Amino acid sequence: VSLRPTVYRPQALWIDGQLVAGAALAVDLQGRVVAEVPPGAEEVPLPGKALLPGLVNGHSHAFQRALRGRTEYVETGHAADDFWSWREQMYRVAESLRPDEVFALSRQTFMEMALAGVTAVGEFHYLHHGPEGQRYEDPLELAKAVIAAAREVGLRICLLRVGYARAGFNVAPNPRQARFLDPSPHDFLDAALSLAEAMTADPLVSVGLAPHSIRAVPREWLEILAREQNGLAARGLAARATSVAEGNWSSARRGSVAPILHMHVSEQPGEIDACLAEHGKRPVAYLDSLGLLGSHFTAVHAVHLEAEEISALGRSGATVCACPSTERNLGDGIVPADLLTEAGVPLCLGSDSHAQIDLLDEARQLEGHLRLQKLRRAVLDPGTGSPDGLAARLLHSATRAGSASLGLPGGSLRPGEPADFFTVDLEHPSVAGTASLVAAGALGAIVFGAEKAAIRDVVVQGRWVVRAGRHPRQDEIVRAHVQVMRRLFA
Ligand SMILES: [Zn+2]
């Protein structure tokens, strides 16, 4: 499909946090937003629709979609269900998946994201090897399968290549983690770099680094990452033949790893106890002491924080990626989004385990969970008195804050940015009569009220991914997914 310059004419266009009636979005041949309508541009009228920047899913484990609805009970022999018993069920699925099944599950997950208005995903990928830990002939096979799934659906993807070393501090190895493990930090970094090198042809694919968690990665690995941080800057690890302990990296490499680090931090109270026992510090204080925090760093979850940890995150410029539906589903707790916002910490959002995939709902539950906790309304309202102020702040978390966290362009639909966007049907029953007036409160109606079915079109880098509420390969993708589910559970 050859691209033409295009001008989209929605009923309302999101510009700088507001819906503006009658404005148009011009896009050039490369799929970038431009200030002036290019000559010969194709006219795309979008009557009755609002056009908003594409949603960014900052934290995903695509294969975990297979567990949706299957873990909502207490297993016989258990007194209760919690994060750790859920994790054992998740491992049971993870240990048997074949590469083609990882592809099929991922494709389903990414298609669901696209149908929910997502245009970019950060895939926190830790399934690397065969079931007993044996290397595939192409050791990057599973990462490539996940990337191929996202690209076939049409999403932009940042593959956060996970480093995983151990079951935990003073914890015996868990054979169920064999697929995740790298023998050394060098192997971890080398795999990320090789993957980046293999993906250079596709500008919609990038690779970032993700030490899994304090539990799964020893101090030595994090020290090496902190030391190599400058080399992770945009010019890439490749630019420096690095000095990683065992490493002997070829300087001929072209791939570059995005200068970002994502890590699970303080999701469960048990992690804090383990960190105190091993390092004598709470998780954020420990990461701070290693020099790991900074504007390139995203702490995923960051649920259980003390005041000094919140200040340290704020001082460092780090982002927090909240995953409200998963944090609720797993009984993790509530991200202190109010205190983090006060400390200047940007918040982005992820659907993580995919108990549900609805980024607008993640945005509204970032706020909703705080209301239940504090017995107050509009906790994250910026206090401008605008009926759309809170909605704009939450939408910023679901868009620009997510792309910044993943080192991706976009999120604002400003000239020069990629044309990654979605449209909302303003006549859909869930928003009709409020959003359709395109006046004050319209953005609030969308962020707080729009159902997924109101999301009609999705465009990534100027290319249609979803049109009129459907993905062109929807039936085939669902069929392949159902087949995997049958093999796993029937
Ligand atoms: Zn996660």
# chains A, B, ... in the order shown; residues from 1 in each chain; ligands from 1
call {"tool": "residues_around", "arguments": {"residues": "A:Glu271", "least_positions_apart": "3", "cutoff": "12 Å", "atoms": "only C-alpha atoms", "output": "list in words"}}
result
Phe83, Trp84, Gly168, Phe169, Ser213, Ile214, Arg215, Ala216, His264, Val265, Ser266, Glu267, Gln268, Ala274, Cys275, Leu276, Ala277, Glu278, His279, Lys281, Arg282, Pro283, Val284, Ala302, Val303, His304, Leu305 and Asp332 of chain A
call {"tool": "write_last_selection", "arguments": {"atoms": "N, CA and C atoms", "output": "PDB file, in the first residue's frame"}}
result
ATOM      1  N   PHE A  83      -0.484 -12.908  44.848  1.00  0.00           N
ATOM      2  CA  PHE A  83       0.437 -12.706  43.733  1.00  0.00           C
ATOM      3  C   PHE A  83       1.304 -13.945  43.496  1.00  0.00           C
ATOM      4  N   TRP A  84       1.808 -14.528  44.576  1.00  0.00           N
ATOM      5  CA  TRP A  84       2.803 -15.601  44.431  1.00  0.00           C
ATOM      6  C   TRP A  84       2.156 -16.896  43.939  1.00  0.00           C
ATOM      7  N   GLY A 168      15.970 -15.509  43.348  1.00  0.00           N
ATOM      8  CA  GLY A 168      15.900 -14.493  44.396  1.00  0.00           C
ATOM      9  C   GLY A 168      17.087 -14.621  45.318  1.00  0.00           C
ATOM     10  N   PHE A 169      17.156 -13.733  46.305  1.00  0.00           N
ATOM     11  CA  PHE A 169      18.241 -13.741  47.281  1.00  0.00           C
ATOM     12  C   PHE A 169      18.049 -14.922  48.217  1.00  0.00           C
ATOM     13  N   SER A 213      13.937  -7.375  37.974  1.00  0.00           N
ATOM     14  CA  SER A 213      13.542  -6.885  39.309  1.00  0.00           C
ATOM     15  C   SER A 213      14.747  -7.037  40.225  1.00  0.00           C
ATOM     16  N   ILE A 214      14.670  -6.427  41.385  1.00  0.00           N
ATOM     17  CA  ILE A 214      15.781  -6.563  42.344  1.00  0.00           C
ATOM     18  C   ILE A 214      15.920  -8.021  42.767  1.00  0.00           C
ATOM     19  N   ARG A 215      14.781  -8.683  42.894  1.00  0.00           N
ATOM     20  CA  ARG A 215      14.798 -10.109  43.248  1.00  0.00           C
ATOM     21  C   ARG A 215      15.554 -10.934  42.210  1.00  0.00           C
ATOM     22  N   ALA A 216      15.327 -10.678  40.933  1.00  0.00           N
ATOM     23  CA  ALA A 216      15.813 -11.567  39.872  1.00  0.00           C
ATOM     24  C   ALA A 216      17.200 -11.207  39.352  1.00  0.00           C
ATOM     25  N   HIS A 264      10.724  -3.865  37.171  1.00  0.00           N
ATOM     26  CA  HIS A 264       9.678  -4.019  38.184  1.00  0.00           C
ATOM     27  C   HIS A 264      10.243  -3.540  39.526  1.00  0.00           C
ATOM     28  N   VAL A 265       9.536  -2.636  40.172  1.00  0.00           N
ATOM     29  CA  VAL A 265      10.019  -2.120  41.460  1.00  0.00           C
ATOM     30  C   VAL A 265       8.870  -2.081  42.468  1.00  0.00           C
ATOM     31  N   SER A 266       9.062  -2.708  43.611  1.00  0.00           N
ATOM     32  CA  SER A 266       8.130  -2.581  44.747  1.00  0.00           C
ATOM     33  C   SER A 266       6.679  -2.843  44.363  1.00  0.00           C
ATOM     34  N   GLU A 267       6.460  -4.010  43.757  1.00  0.00           N
ATOM     35  CA  GLU A 267       5.086  -4.394  43.434  1.00  0.00           C
ATOM     36  C   GLU A 267       4.422  -5.044  44.650  1.00  0.00           C
ATOM     37  N   GLN A 268       5.219  -5.849  45.367  1.00  0.00           N
ATOM     38  CA  GLN A 268       4.698  -6.620  46.491  1.00  0.00           C
ATOM     39  C   GLN A 268       5.528  -6.338  47.750  1.00  0.00           C
ATOM     40  N   ALA A 274      12.769  -8.612  51.122  1.00  0.00           N
ATOM     41  CA  ALA A 274      13.926  -9.305  50.547  1.00  0.00           C
ATOM     42  C   ALA A 274      15.036  -8.307  50.239  1.00  0.00           C
ATOM     43  N   CYS A 275      14.689  -7.124  49.762  1.00  0.00           N
ATOM     44  CA  CYS A 275      15.690  -6.116  49.415  1.00  0.00           C
ATOM     45  C   CYS A 275      16.386  -5.614  50.680  1.00  0.00           C
ATOM     46  N   LEU A 276      15.601  -5.398  51.735  1.00  0.00           N
ATOM     47  CA  LEU A 276      16.186  -4.979  53.015  1.00  0.00           C
ATOM     48  C   LEU A 276      17.137  -6.053  53.533  1.00  0.00           C
ATOM     49  N   ALA A 277      16.727  -7.326  53.396  1.00  0.00           N
ATOM     50  CA  ALA A 277      17.563  -8.410  53.907  1.00  0.00           C
ATOM     51  C   ALA A 277      18.872  -8.513  53.127  1.00  0.00           C
ATOM     52  N   GLU A 278      18.808  -8.319  51.823  1.00  0.00           N
ATOM     53  CA  GLU A 278      20.011  -8.501  51.009  1.00  0.00           C
ATOM     54  C   GLU A 278      20.882  -7.248  50.978  1.00  0.00           C
ATOM     55  N   HIS A 279      20.246  -6.087  50.849  1.00  0.00           N
ATOM     56  CA  HIS A 279      21.015  -4.857  50.588  1.00  0.00           C
ATOM     57  C   HIS A 279      20.940  -3.836  51.722  1.00  0.00           C
ATOM     58  N   LYS A 281      18.667  -1.844  52.340  1.00  0.00           N
ATOM     59  CA  LYS A 281      17.969  -0.628  51.909  1.00  0.00           C
ATOM     60  C   LYS A 281      16.648  -1.020  51.281  1.00  0.00           C
ATOM     61  N   ARG A 282      15.714  -0.085  51.258  1.00  0.00           N
ATOM     62  CA  ARG A 282      14.484  -0.304  50.504  1.00  0.00           C
ATOM     63  C   ARG A 282      14.780  -0.180  49.001  1.00  0.00           C
ATOM     64  N   PRO A 283      13.899  -0.741  48.156  1.00  0.00           N
ATOM     65  CA  PRO A 283      14.240  -0.843  46.730  1.00  0.00           C
ATOM     66  C   PRO A 283      14.665   0.458  46.050  1.00  0.00           C
ATOM     67  N   VAL A 284      13.899   1.529  46.192  1.00  0.00           N
ATOM     68  CA  VAL A 284      14.253   2.750  45.459  1.00  0.00           C
ATOM     69  C   VAL A 284      15.559   3.330  45.996  1.00  0.00           C
ATOM     70  N   ALA A 302       5.852   0.373  41.387  1.00  0.00           N
ATOM     71  CA  ALA A 302       6.180   1.346  42.435  1.00  0.00           C
ATOM     72  C   ALA A 302       4.980   1.592  43.344  1.00  0.00           C
ATOM     73  N   VAL A 303       4.459   0.506  43.904  1.00  0.00           N
ATOM     74  CA  VAL A 303       3.267   0.590  44.742  1.00  0.00           C
ATOM     75  C   VAL A 303       3.627   0.938  46.186  1.00  0.00           C
ATOM     76  N   HIS A 304       4.650   0.243  46.707  1.00  0.00           N
ATOM     77  CA  HIS A 304       4.949   0.365  48.135  1.00  0.00           C
ATOM     78  C   HIS A 304       6.169   1.255  48.332  1.00  0.00           C
ATOM     79  N   LEU A 305       5.916   2.539  48.505  1.00  0.00           N
ATOM     80  CA  LEU A 305       7.002   3.515  48.573  1.00  0.00           C
ATOM     81  C   LEU A 305       6.917   4.306  49.865  1.00  0.00           C
ATOM     82  N   ASP A 332      -1.929  -6.231  44.407  1.00  0.00           N
ATOM     83  CA  ASP A 332      -0.639  -5.601  44.683  1.00  0.00           C
ATOM     84  C   ASP A 332      -0.774  -4.401  45.616  1.00  0.00           C
TER      85      ASP A 332
END
call {"tool": "closest_atom_pairs", "arguments": {"of": "chain A", "to": "ligand 1", "cutoff": "10 Å", "atoms": "only C-alpha atoms and all ligand atoms", "output": "CSV"}}
result
residue,atom,partner,partner_atom_place_in_ligand_line,distance
A:His59,CA,ligand 1,1 (Zn),6.4
A:Ser60,CA,ligand 1,1 (Zn),6.5
A:His61,CA,ligand 1,1 (Zn),6.4
A:Gln64,CA,ligand 1,1 (Zn),9.8
A:Glu123,CA,ligand 1,1 (Zn),9.2
A:Phe124,CA,ligand 1,1 (Zn),6.8
A:His125,CA,ligand 1,1 (Zn),9.2
A:Tyr126,CA,ligand 1,1 (Zn),9.8
A:His212,CA,ligand 1,1 (Zn),8.5
A:Ser213,CA,ligand 1,1 (Zn),9.5
A:His262,CA,ligand 1,1 (Zn),9.9
A:Met263,CA,ligand 1,1 (Zn),8.5
A:His264,CA,ligand 1,1 (Zn),6.4
A:Val265,CA,ligand 1,1 (Zn),9.6
A:Glu267,CA,ligand 1,1 (Zn),9.1
A:Val300,CA,ligand 1,1 (Zn),7.1
A:His301,CA,ligand 1,1 (Zn),8.1
A:Cys321,CA,ligand 1,1 (Zn),9.9
A:Cys323,CA,ligand 1,1 (Zn),8.5
A:Thr326,CA,ligand 1,1 (Zn),8.8
A:Glu327,CA,ligand 1,1 (Zn),9.8
A:Gly350,CA,ligand 1,1 (Zn),8.8
A:Ser351,CA,ligand 1,1 (Zn),8.9
A:Asp352,CA,ligand 1,1 (Zn),5.3
A:Ser353,CA,ligand 1,1 (Zn),6.8
call {"tool": "write_last_selection", "arguments": {"atoms": "C-alpha atoms", "output": "CSV table (one decimal), in the first residue's frame"}}
result
chain,number,residue,atom,x,y,z
A,59,HIS,CA,4.1,-2.4,30.2
A,60,SER,CA,3.0,-5.7,28.7
A,61,HIS,CA,3.7,-9.4,29.0
A,64,GLN,CA,-0.1,-13.6,30.0
A,123,GLU,CA,6.8,-5.4,25.7
A,124,PHE,CA,8.7,-6.5,28.8
A,125,HIS,CA,9.9,-9.8,27.3
A,126,TYR,CA,11.5,-12.5,29.5
A,212,HIS,CA,13.6,-7.9,35.6
A,213,SER,CA,13.5,-6.9,39.3
A,262,HIS,CA,12.5,-0.5,32.7
A,263,MET,CA,12.4,-2.6,35.9
A,264,HIS,CA,9.7,-4.0,38.2
A,265,VAL,CA,10.0,-2.1,41.5
A,267,GLU,CA,5.1,-4.4,43.4
A,300,VAL,CA,7.1,-0.4,36.9
A,301,HIS,CA,4.4,-0.6,39.6
A,321,CYS,CA,4.6,3.0,35.0
A,323,CYS,CA,-0.7,-0.9,35.8
A,326,THR,CA,-3.2,-5.8,37.0
A,327,GLU,CA,-2.3,-4.2,40.4
A,350,GLY,CA,0.4,-0.4,31.2
A,351,SER,CA,-2.0,-3.3,31.0
A,352,ASP,CA,0.7,-5.7,32.2
A,353,SER,CA,-0.9,-9.1,32.7
call {"tool": "atom_distance", "arguments": {"atom1": "atom CA of A:Val379", "atom2": "atom CA of A:Leu339"}}
result
10.3 Å
call {"tool": "closest_residue", "arguments": {"among": "A:Glu112, A:Glu152, A:Glu223, A:Asp138", "to": "A:Ile357", "atoms": "only C-alpha atoms"}}
result
A:Glu112
call {"tool": "residues_around", "arguments": {"residues": "A:Ser316", "least_positions_apart": "6", "cutoff": "9 Å", "atoms": "only C-alpha atoms", "output": "CSV table (one decimal) with N, CA and C atoms, in the first residue's frame"}}
result
chain,number,residue,atom,x,y,z
A,288,ASP,N,18.9,3.9,43.8
A,288,ASP,CA,19.4,5.3,43.8
A,288,ASP,C,20.9,5.2,44.2
A,293,LEU,N,18.9,5.4,38.9
A,293,LEU,CA,17.8,6.2,38.6
A,293,LEU,C,18.1,7.4,37.7
A,294,GLY,N,17.2,7.8,36.9
A,294,GLY,CA,17.4,9.0,36.0
A,294,GLY,C,16.2,9.1,35.1
A,295,SER,N,16.3,10.0,34.2
A,295,SER,CA,15.1,10.2,33.3
A,295,SER,C,14.9,9.1,32.3
A,297,PHE,N,15.0,6.0,33.3
A,297,PHE,CA,14.6,4.9,34.1
A,297,PHE,C,13.1,4.9,34.4
A,345,VAL,N,7.0,13.3,39.5
A,345,VAL,CA,7.3,12.0,38.8
A,345,VAL,C,6.3,11.8,37.7
call {"tool": "closest_atom_pairs", "arguments": {"of": "stretch 100-196 of chain A", "to": "stretch 456-480 of chain A", "cutoff": "7 Å", "atoms": "only C-alpha atoms", "output": "tab-separated table"}}
result
residue	atom	partner	partner_atom	distance
A:Ala104	CA	A:Ala480	CA	6.0
A:Arg107	CA	A:Ile477	CA	6.7
A:Gln108	CA	A:Ile477	CA	5.9
A:Ala114	CA	A:Val458	CA	6.8
A:Leu115	CA	A:Val466	CA	6.6
A:Gly117	CA	A:Val458	CA	6.0
A:Thr119	CA	A:Val460	CA	6.0
A:Gly154	CA	A:Val465	CA	5.6
A:Leu155	CA	A:Val460	CA	6.7
call {"tool": "closest_residue", "arguments": {"among": "A:Leu347, A:Leu390, A:Ala442, A:Ala66", "to": "A:Glu101", "atoms": "only C-alpha atoms"}}
result
A:Ala66
call {"tool": "closest_residue", "arguments": {"among": "A:His296, A:Arg166, A:Lys49, A:Arg328", "to": "A:Leu370", "atoms": "only C-alpha atoms"}}
result
A:Arg328
call {"tool": "select_by_dssp", "arguments": {"residues": "stretch 92-159 of chain A", "states": "alpha helix (DSSP H)", "output": "number ranges by chain"}}
result
A: 92-94, 99-115, 141-153
call {"tool": "write_last_selection", "arguments": {"atoms": "N, CA, C and O atoms", "output": "compact mmCIF listing (two decimals), in the first residue's frame"}}
result
# COMPACT_ATOMS: atom_id res chain seq x y z
N ARG A 92 3.23 -22.05 34.84
CA ARG A 92 2.76 -23.29 34.21
C ARG A 92 2.44 -23.06 32.74
O ARG A 92 2.69 -23.91 31.90
N VAL A 93 1.87 -21.92 32.43
CA VAL A 93 1.60 -21.60 31.02
C VAL A 93 2.91 -21.28 30.32
O VAL A 93 3.20 -21.80 29.24
N ALA A 94 3.73 -20.48 30.97
CA ALA A 94 4.98 -20.01 30.33
C ALA A 94 5.89 -21.18 29.97
O ALA A 94 6.59 -21.14 28.96
N PRO A 99 7.33 -21.51 20.19
CA PRO A 99 7.48 -20.20 19.54
C PRO A 99 6.26 -19.78 18.71
O PRO A 99 5.85 -18.62 18.76
N ASP A 100 5.68 -20.71 17.96
CA ASP A 100 4.50 -20.32 17.15
C ASP A 100 3.33 -19.94 18.04
O ASP A 100 2.49 -19.12 17.66
N GLU A 101 3.28 -20.52 19.24
CA GLU A 101 2.20 -20.18 20.17
C GLU A 101 2.45 -18.83 20.83
O GLU A 101 1.50 -18.07 21.08
N VAL A 102 3.70 -18.55 21.11
CA VAL A 102 4.03 -17.22 21.63
C VAL A 102 3.60 -16.16 20.61
O VAL A 102 3.02 -15.13 20.94
N PHE A 103 3.85 -16.46 19.34
CA PHE A 103 3.46 -15.55 18.26
C PHE A 103 1.93 -15.37 18.23
O PHE A 103 1.42 -14.25 18.20
N ALA A 104 1.22 -16.49 18.28
CA ALA A 104 -0.25 -16.42 18.15
C ALA A 104 -0.88 -15.68 19.34
O ALA A 104 -1.78 -14.85 19.16
N LEU A 105 -0.40 -15.98 20.55
CA LEU A 105 -0.95 -15.28 21.73
C LEU A 105 -0.61 -13.80 21.68
O LEU A 105 -1.43 -12.94 22.01
N SER A 106 0.61 -13.49 21.26
CA SER A 106 1.03 -12.09 21.23
C SER A 106 0.21 -11.32 20.20
O SER A 106 -0.19 -10.18 20.43
N ARG A 107 -0.04 -11.96 19.07
CA ARG A 107 -0.79 -11.29 18.02
C ARG A 107 -2.21 -10.94 18.51
O ARG A 107 -2.72 -9.86 18.26
N GLN A 108 -2.81 -11.89 19.21
CA GLN A 108 -4.14 -11.64 19.78
C GLN A 108 -4.09 -10.46 20.75
O GLN A 108 -4.91 -9.54 20.71
N THR A 109 -3.09 -10.48 21.64
CA THR A 109 -2.97 -9.42 22.65
C THR A 109 -2.76 -8.06 21.98
O THR A 109 -3.41 -7.07 22.33
N PHE A 110 -1.88 -8.02 21.00
CA PHE A 110 -1.59 -6.74 20.34
C PHE A 110 -2.80 -6.27 19.51
O PHE A 110 -3.05 -5.07 19.40
N MET A 111 -3.53 -7.21 18.95
CA MET A 111 -4.72 -6.79 18.20
C MET A 111 -5.76 -6.20 19.15
O MET A 111 -6.38 -5.19 18.84
N GLU A 112 -5.90 -6.84 20.31
CA GLU A 112 -6.83 -6.26 21.30
C GLU A 112 -6.39 -4.86 21.69
O GLU A 112 -7.21 -3.97 21.93
N MET A 113 -5.08 -4.67 21.81
CA MET A 113 -4.59 -3.33 22.14
C MET A 113 -4.98 -2.34 21.04
O MET A 113 -5.45 -1.24 21.32
N ALA A 114 -4.75 -2.76 19.79
CA ALA A 114 -5.07 -1.86 18.67
C ALA A 114 -6.55 -1.50 18.71
O ALA A 114 -6.93 -0.34 18.54
N LEU A 115 -7.40 -2.50 18.98
CA LEU A 115 -8.84 -2.23 19.02
C LEU A 115 -9.20 -1.28 20.17
O LEU A 115 -10.26 -0.65 20.16
N GLU A 141 14.83 -16.15 18.91
CA GLU A 141 13.60 -16.57 18.23
C GLU A 141 12.33 -16.03 18.89
O GLU A 141 11.43 -15.53 18.21
N LEU A 142 12.24 -16.14 20.22
CA LEU A 142 10.99 -15.75 20.87
C LEU A 142 10.80 -14.23 20.86
O LEU A 142 9.69 -13.75 20.67
N ALA A 143 11.88 -13.50 21.07
CA ALA A 143 11.77 -12.04 21.00
C ALA A 143 11.33 -11.62 19.59
O ALA A 143 10.47 -10.75 19.42
N LYS A 144 11.89 -12.28 18.60
CA LYS A 144 11.52 -11.96 17.22
C LYS A 144 10.06 -12.32 16.95
O LYS A 144 9.37 -11.63 16.20
N ALA A 145 9.59 -13.41 17.55
CA ALA A 145 8.19 -13.82 17.35
C ALA A 145 7.25 -12.75 17.92
O ALA A 145 6.23 -12.42 17.31
N VAL A 146 7.60 -12.22 19.08
CA VAL A 146 6.77 -11.19 19.70
C VAL A 146 6.78 -9.92 18.86
O VAL A 146 5.73 -9.29 18.62
N ILE A 147 7.95 -9.55 18.39
CA ILE A 147 8.06 -8.35 17.55
C ILE A 147 7.26 -8.54 16.26
O ILE A 147 6.51 -7.66 15.83
N ALA A 148 7.41 -9.72 15.66
CA ALA A 148 6.68 -9.98 14.40
C ALA A 148 5.17 -9.88 14.63
O ALA A 148 4.44 -9.38 13.77
N ALA A 149 4.72 -10.35 15.79
CA ALA A 149 3.29 -10.29 16.10
C ALA A 149 2.82 -8.84 16.15
O ALA A 149 1.78 -8.48 15.58
N ALA A 150 3.59 -7.99 16.83
CA ALA A 150 3.20 -6.58 16.93
C ALA A 150 3.20 -5.91 15.57
O ALA A 150 2.30 -5.15 15.22
N ARG A 151 4.20 -6.22 14.77
CA ARG A 151 4.33 -5.57 13.47
C ARG A 151 3.27 -6.08 12.49
O ARG A 151 2.81 -5.34 11.64
N GLU A 152 2.91 -7.36 12.62
CA GLU A 152 1.86 -7.86 11.74
C GLU A 152 0.52 -7.18 12.08
O GLU A 152 -0.26 -6.86 11.19
N VAL A 153 0.30 -6.96 13.35
CA VAL A 153 -0.91 -6.24 13.75
C VAL A 153 -0.83 -4.78 13.31
O VAL A 153 -1.83 -4.18 12.93
call {"tool": "residues_around", "arguments": {"residues": "stretch 22-37 of chain A", "least_positions_apart": "5", "cutoff": "6 Å", "atoms": "only C-alpha atoms", "output": "list in words"}}
result
Leu3, Arg4, Pro5, Thr6, Val7, Tyr8, Arg9, Gln11, Ala12, Leu13, Pro415, Gly416, Glu417, Pro418, Ala419, Gln461 and Gly462 of chain A
call {"tool": "atom_distance", "arguments": {"atom1": "atom CA of A:Leu19", "atom2": "atom CA of A:Cys348"}}
result
21.2 Å
call {"tool": "atom_distance", "arguments": {"atom1": "atom CA of A:Ala307", "atom2": "atom CA of A:Leu394"}}
result
22.9 Å
call {"tool": "select_by_dssp", "arguments": {"residues": "stretch 9-247 of chain A", "states": "strand (DSSP E)", "output": "ChimeraX atom specification"}}
result
/A:9-15,18-21,25-27,33-34,42-53,55-60,118-125,156-163,205-211
call {"tool": "closest_residue", "arguments": {"among": "A:Leu204, A:Ile334, A:Ala312, A:Ala80", "to": "A:Gly410", "atoms": "only C-alpha atoms"}}
result
A:Leu204
call {"tool": "residues_around", "arguments": {"residues": "A:Ala355", "least_positions_apart": "5", "cutoff": "9 Å", "atoms": "only C-alpha atoms", "output": "list in words"}}
result
Gln64, Arg65, Leu67, Arg68, Gly69, Ser325, Thr326 and Asn329 of chain A
call {"tool": "closest_residue", "arguments": {"among": "A:Ala378, A:Ala391, A:Ala398, A:Ile446", "to": "A:Glu362", "atoms": "only C-alpha atoms"}}
result
A:Ala398
call {"tool": "decode", "arguments": {"residues": "stretch 12-25 of chain A", "atoms": "N, CA and C atoms", "output": "CSV table (one decimal), in the first residue's frame"}}
result
chain,number,residue,atom,x,y,z
A,12,ALA,N,-13.6,16.8,15.9
A,12,ALA,CA,-12.9,17.4,17.0
A,12,ALA,C,-11.5,16.8,17.0
A,13,LEU,N,-10.5,17.7,17.1
A,13,LEU,CA,-9.1,17.2,17.1
A,13,LEU,C,-8.5,17.6,18.5
A,14,TRP,N,-7.7,16.7,19.0
A,14,TRP,CA,-7.1,16.9,20.3
A,14,TRP,C,-5.8,17.8,20.0
A,15,ILE,N,-5.8,19.0,20.6
A,15,ILE,CA,-4.6,19.8,20.4
A,15,ILE,C,-4.2,20.3,21.8
A,16,ASP,N,-3.0,19.9,22.2
A,16,ASP,CA,-2.5,20.4,23.5
A,16,ASP,C,-3.4,20.2,24.7
A,17,GLY,N,-4.0,19.0,24.8
A,17,GLY,CA,-4.8,18.8,25.9
A,17,GLY,C,-6.3,19.2,25.8
A,18,GLN,N,-6.7,19.7,24.6
A,18,GLN,CA,-8.1,20.2,24.5
A,18,GLN,C,-8.6,19.6,23.2
A,19,LEU,N,-9.9,19.4,23.1
A,19,LEU,CA,-10.6,19.0,21.9
A,19,LEU,C,-11.0,20.3,21.2
A,20,VAL,N,-10.6,20.4,19.9
A,20,VAL,CA,-10.9,21.6,19.1
A,20,VAL,C,-11.7,21.3,18.0
A,21,ALA,N,-12.9,21.9,17.8
A,21,ALA,CA,-13.8,21.6,16.7
A,21,ALA,C,-13.3,22.2,15.4
A,22,GLY,N,-13.4,21.4,14.4
A,22,GLY,CA,-13.2,21.9,13.0
A,22,GLY,C,-11.7,21.9,12.6
A,23,ALA,N,-10.8,21.5,13.5
A,23,ALA,CA,-9.4,21.5,13.1
A,23,ALA,C,-9.0,20.2,12.3
A,24,ALA,N,-8.0,20.3,11.5
A,24,ALA,CA,-7.6,19.1,10.7
A,24,ALA,C,-6.2,18.7,11.0
A,25,LEU,N,-5.9,17.4,10.7
A,25,LEU,CA,-4.5,16.9,11.0
A,25,LEU,C,-3.9,16.5,9.6
